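Novice: Please see the structure below; I have some questions.
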Amino acid sequence: MRKILLLAILIAGIGINAQAQNDGAYRQTILFSQPWKFSKGNFKGAQNPAFDDTGWQTVRVPHDWAIAGPFDPLGSAETGKLPWKGEGWYRHTFTPDPAWKGKQLTLLFDGVMAFPVVWLNGKEIGRWDYGYNSFYLDVSDHIVFGQPNVLAVYVDTRRHESRWYPGAGIYRKVTLTVTDPVHVAQWGTQVTTPEISADRAMVQVRTRIVNDGKSQQTATVHHIVLDPSGRPAAVSDTLSCPVKAGEDHPFTHNIRLLNPQLWDVEQPNLYTLQTIVRHQNGVCDVYTTRFGVRSAGFSADNGFWLNGRRVALKGVCLHHDFGALGGAFNYRAMQRQLEILRDMGCNAIRTSHNAPAPELLDLCDEMGFVVVDELFDKWDARADILPETDFQEFARRQVRNFVQRDRNHPCIILWSCGNEIGDIQGNVNGGFAKLELMTSLFRLNDPTRPVTLVCDNRESATLRHMDYYDVICYNYGRRYDKARQLASDHSVIISESASTVSTRGYYNPVLPAKKTDFEQQPRISSYDLNAPEWAEIPEDDFNWQWEDRFVAGEFVWTGFDYLGEPTPYGDFAVQAGQIKQEATARSSYFGIVDLAGIPKDRYYLYKSLWRPGANTVHLLPHWNWKGAENQPIPVFVYTDGDEAELFLNGRSLGRRTKQPLGTGPVLEQYRLMWDSVPYQPGTLRAVAYRDGQLIGEDLVRTAGKPASVRLTPDRSLLRADGDDLSFVLVEVLDAEGNLCPLADHLVRFELSGPADIAGVDNGDPVSLAPFQASEGRVFYGKSMLIVRTREGQRGAVTVKATSSGLRSGQAVLKTE
């Protein structure tokens, strides 16, 4: 049987390769990344090919027009004080290949913020009404051959509302796909694995074949499955059916896969499905779908299960911006965020609160993260739903595109249709009818996964909105308890946890008496004891999960700081008369990692719980307290050990031991604390143990006078594709190489070679310095320089950093 299978695969492959030699590629995807011309504002006739755009800015897409600033000190802190509201035009000129004549041409936008109107050669060809979702347009009849074609996109963000910085413009990629008129439809495969055992799996493939030609064609479809190493693993039967012109037809195949390699968070094995379509002239389309073989589900009493075992969701919520890079999607920036989170022990992402870039899901598939894929925040202008919007028609289009685009990703374990929607939870103005419509649309497009609505109103559970969805998701404060009491057959997720706030590098030795004790200055101590009134510190959520074993896990708000929503120093504080608008911050304090991608202390608290056995030992605060000699300084240790000993200048200050889980004060179960260490300059050292065995140590030294700048790139070998990035950590050190934790020096950067500065940032939520600059201050001793390669230009790149009175730093990168 195995030999027959391999022979069938070989014959199918020979047929494809032979046809390829005669006919060329069956499906082309052209990336429209550059050059685009852009100008903010509205311009009469900008859609016309003859319009003069020579004075416009030349940009690369993805592009965020607002991130360059300038910041407005009196602007809304909730959306980052950046100029994202307004109108803008993009124009891209391309010459179609003559080989495209008679082909089907589909233009795909992964995301445009917001309300785009698309024109080709002066004719409007389509528009879209949700800035975070993908959409596509058939442009086959609008291409003009033998001359340059002009694609123009008008963007208008004025009617979009947001609770954070949304970005502006064509902020995700644009592609043109060229196929035969008989082809697999856009997002036209659905791959599921309804039966899985140790020695075999049933792979079910539903394929929608479209005939956009002028006459009926008989379409023949079969599939080849390639294993994670790229070797043929299975082949389907061949099915044929006539497809009328202008119509489509579904094909269903069941493929037996032997000895499946499972997709898992620990080993994310990925298979590749090749769908081969033929008509009377031979092979007409080859469509590739990546998928994973895994079983996943939720248990009412035992959380989330993956491949037959319980997996605790150690998750974070992520907004879509990349700090200094803004909302413009960048693959390496996203990959880096996930690498930082994975090293912390994170295994789950919630795409709060909008459809993500599809590349995020690709990366989660590859890196072993599970995902709660969320489509909307509120069902109002924050989802671009306006008073005149037909809600049902809008919902059908948006859910269809979202689910059909994403449903083959094995990383996705749960769909979310919205977040903290008060009128839906309260069944106001037909709220439950809307909820029933939304959840039914998700199930229509993917009946294999559960769906949820993320809630925050505890008492609304008495109305039983949870009867309309599958998993109870509540934010903060153990508010899930009532819903769980009323629907004990539902699993529970803490869909937003903590919302602890802190400023990286800043410490106030006077610990807060309560979590809402905030200072007048917009700085929050990094002892990780502060949170808004409606939120909590990490240990509260740890403890609730320990006590309520039915909880599947948590999603911390948030993994990274983000632009906008700078609680408690935002617009709401101004409205309450607590601060003036010019004193508000421009980015959040919630992140486990700061806006520049530098971990805060809290990162190591989560790592100590989420990566047991990693031998984490992290000591805080810094040890530069000039003028506070002999004054008490609290010292904390975050470790996955169970005890630690603290030394100051070689003298033991005693051991601390964690309380057993579920006993004693909750803080003492997860951190080791010395509340009053009399300050003396020198070396503070923590030595950690587990079961009496040494696991590691950490130390901080009193730094001397700043002496030099050090540059540390996260990667030195880069792709010369115009998109690859190196994130270069900038640090100010003393003569002995110790970090100067209070340094705020202005550092200037110079690059030589084929690369450019993409951005600078230091993680300071208050700073209004531009991100796009050749200089920037370090913040508590650190900042980040982002270097971008140039497309097609290879060679060495030298990065030099200088600061008055300091020895310069240098790093060498290579692009190839």
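Going through the structure tokens in order, the chains are called A, B, and so on, while each chain numbers its residues from 1 and the ligands are numbered from 1 in the order shown.
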Would you give me, as JSON lines, each residue of range 390-508 of chain A having an atom within 10 Å of an atom of range 264-287 of chain A, along with its shortest atom pair and that distance in Å to one decimal, using only C-alpha atoms and sorting by chain and residue number?
Specialist:
{"residue": "A:His409", "atom": "CA", "partner": "A:Leu270", "partner_atom": "CA", "distance": 9.7}
{"residue": "A:Pro410", "atom": "CA", "partner": "A:Leu270", "partner_atom": "CA", "distance": 8.6}
{"residue": "A:Cys411", "atom": "CA", "partner": "A:Val265", "partner_atom": "CA", "distance": 8.5}
Novice: Could you list, as a short mmCIF file (atom, residue, chain, number, x, y, z; two decimals) with C-alpha atoms, in the first residue's frame, every residue within 8 Å of Trp415 in chain A, counting only C-alpha atoms and ignoring same-chain residues fewer than 2 positions away?
Specialist:
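As a result, part21.cif now contains:
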data_model
loop_
_atom_site.label_atom_id
_atom_site.label_comp_id
_atom_site.auth_asym_id
_atom_site.auth_seq_id
_atom_site.Cartn_x
_atom_site.Cartn_y
_atom_site.Cartn_z
CA VAL A 372 -7.57 33.52 20.43
CA ASP A 373 -8.34 35.22 17.12
CA GLU A 374 -10.44 38.31 17.79
CA LEU A 375 -12.29 40.23 15.09
CA ILE A 412 -6.17 29.18 16.37
CA ILE A 413 -8.10 27.53 19.20
CA CYS A 417 -16.42 38.10 18.10
CA PHE A 442 -18.55 32.19 12.89
CA ARG A 449 -13.86 25.69 16.62
CA PRO A 450 -15.61 27.28 19.58
CA VAL A 451 -16.51 30.97 19.62
CA THR A 452 -16.69 33.46 22.48
#
Novice: Apply DSSP to the backbone of this structure and, from range 458-487 of chain A, keep only the residues in alpha helix (DSSP H); write these as a list of chain:residue names.
Specialist: A:Tyr480, A:Asp481, A:Lys482, A:Ala483, A:Arg484, A:Gln485, A:Leu486
Novice: What is the CA of Asp642 in chain A-CA of Ile349 in chain A distance in Å, reported with one decimal?
Specialist: 28.6 Å
Novice: Please identify all polymer residues within 12 Å of Leu386 in chain A, counting only C-alpha atoms, omitting same-chain residues fewer than 2 positions from it, and present them as a count of residues only.
Specialist: 19
Novice: Which residues, written as an MDAnalysis selection string, have at least one atom at most 8 Å from Ala461 in chain A, with only C-alpha atoms counted and residues fewer than 6 positions away on the same chain left out?
Specialist: chainID A and resid 425 482:483 486
Novice: Excluding same-chain residues fewer than 4 positions from Arg790 in chain A, what lies within 7 Å of it counting only C-alpha atoms, as a list in words?
Specialist: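 Skipping anything fewer than 4 positions along the chain leaves Ala720, Asp721, Gly722, Pro754 and Ala755 of chain A.
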Novice: Give me every strand (DSSP E or B) residue in range 58-261 of chain A, going by DSSP on the backbone, as a ChimeraX atom specification.
Specialist: /A:58-59,87-94,104-109,113,117-120,123-127,135-138,149-156,169,174-179,182-196,200-211,217-226,232-235,239-243,248-258
Novice: Using only C-alpha atoms, which residues sit within 8 Å of Ser236 in chain A once same-chain residues fewer than 6 positions away are excluded, as a PyMOL selection string?
Specialist: chain A and resi 222-224+253-255
Novice: So which residues touch range 524-533 of chain A within 9 Å, counting only C-alpha atoms, skipping near sequence neighbours fewer than 3 positions away, as an NGL selection string?
Specialist: :A and (498-509 or 511-512 or 514-519 or 521 or 536-538 or 567-568 or 589-590 or 600-602 or 620-621 or 634-636)
Novice: So, counting only C-alpha atoms, which residue among A:Lys37, A:Lys800, A:Arg807, A:His63 is closest to His92 in chain A?
Specialist: A:Lys37
Novice: Could you check which of A:Gln793, A:Val61, A:Tyr468, A:Leu107 is closest to Thr29 in chain A, using only C-alpha atoms?
Specialist: A:Leu107
Novice: Have a look at CA of Met367 in chain A and CA of Pro260 in chain A and let me know their distance in Å, one decimal.
Specialist: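 CA of Met367 in chain A sits 18.7 Å away from CA of Pro260 in chain A.
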Novice: Given only C-alpha atoms as the basis, pick out the residue of A:Ser587, A:Thr802, A:Asn457, A:Thr439 nearest to Leu82 in chain A.
Specialist: A:Ser587
Novice: For CA of Ala357 in chain A and CA of Arg715 in chain A, quote the distance in Å rounded to one decimal.
Specialist: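 Rounded to one decimal, the two atoms are 23.4 Å apart.
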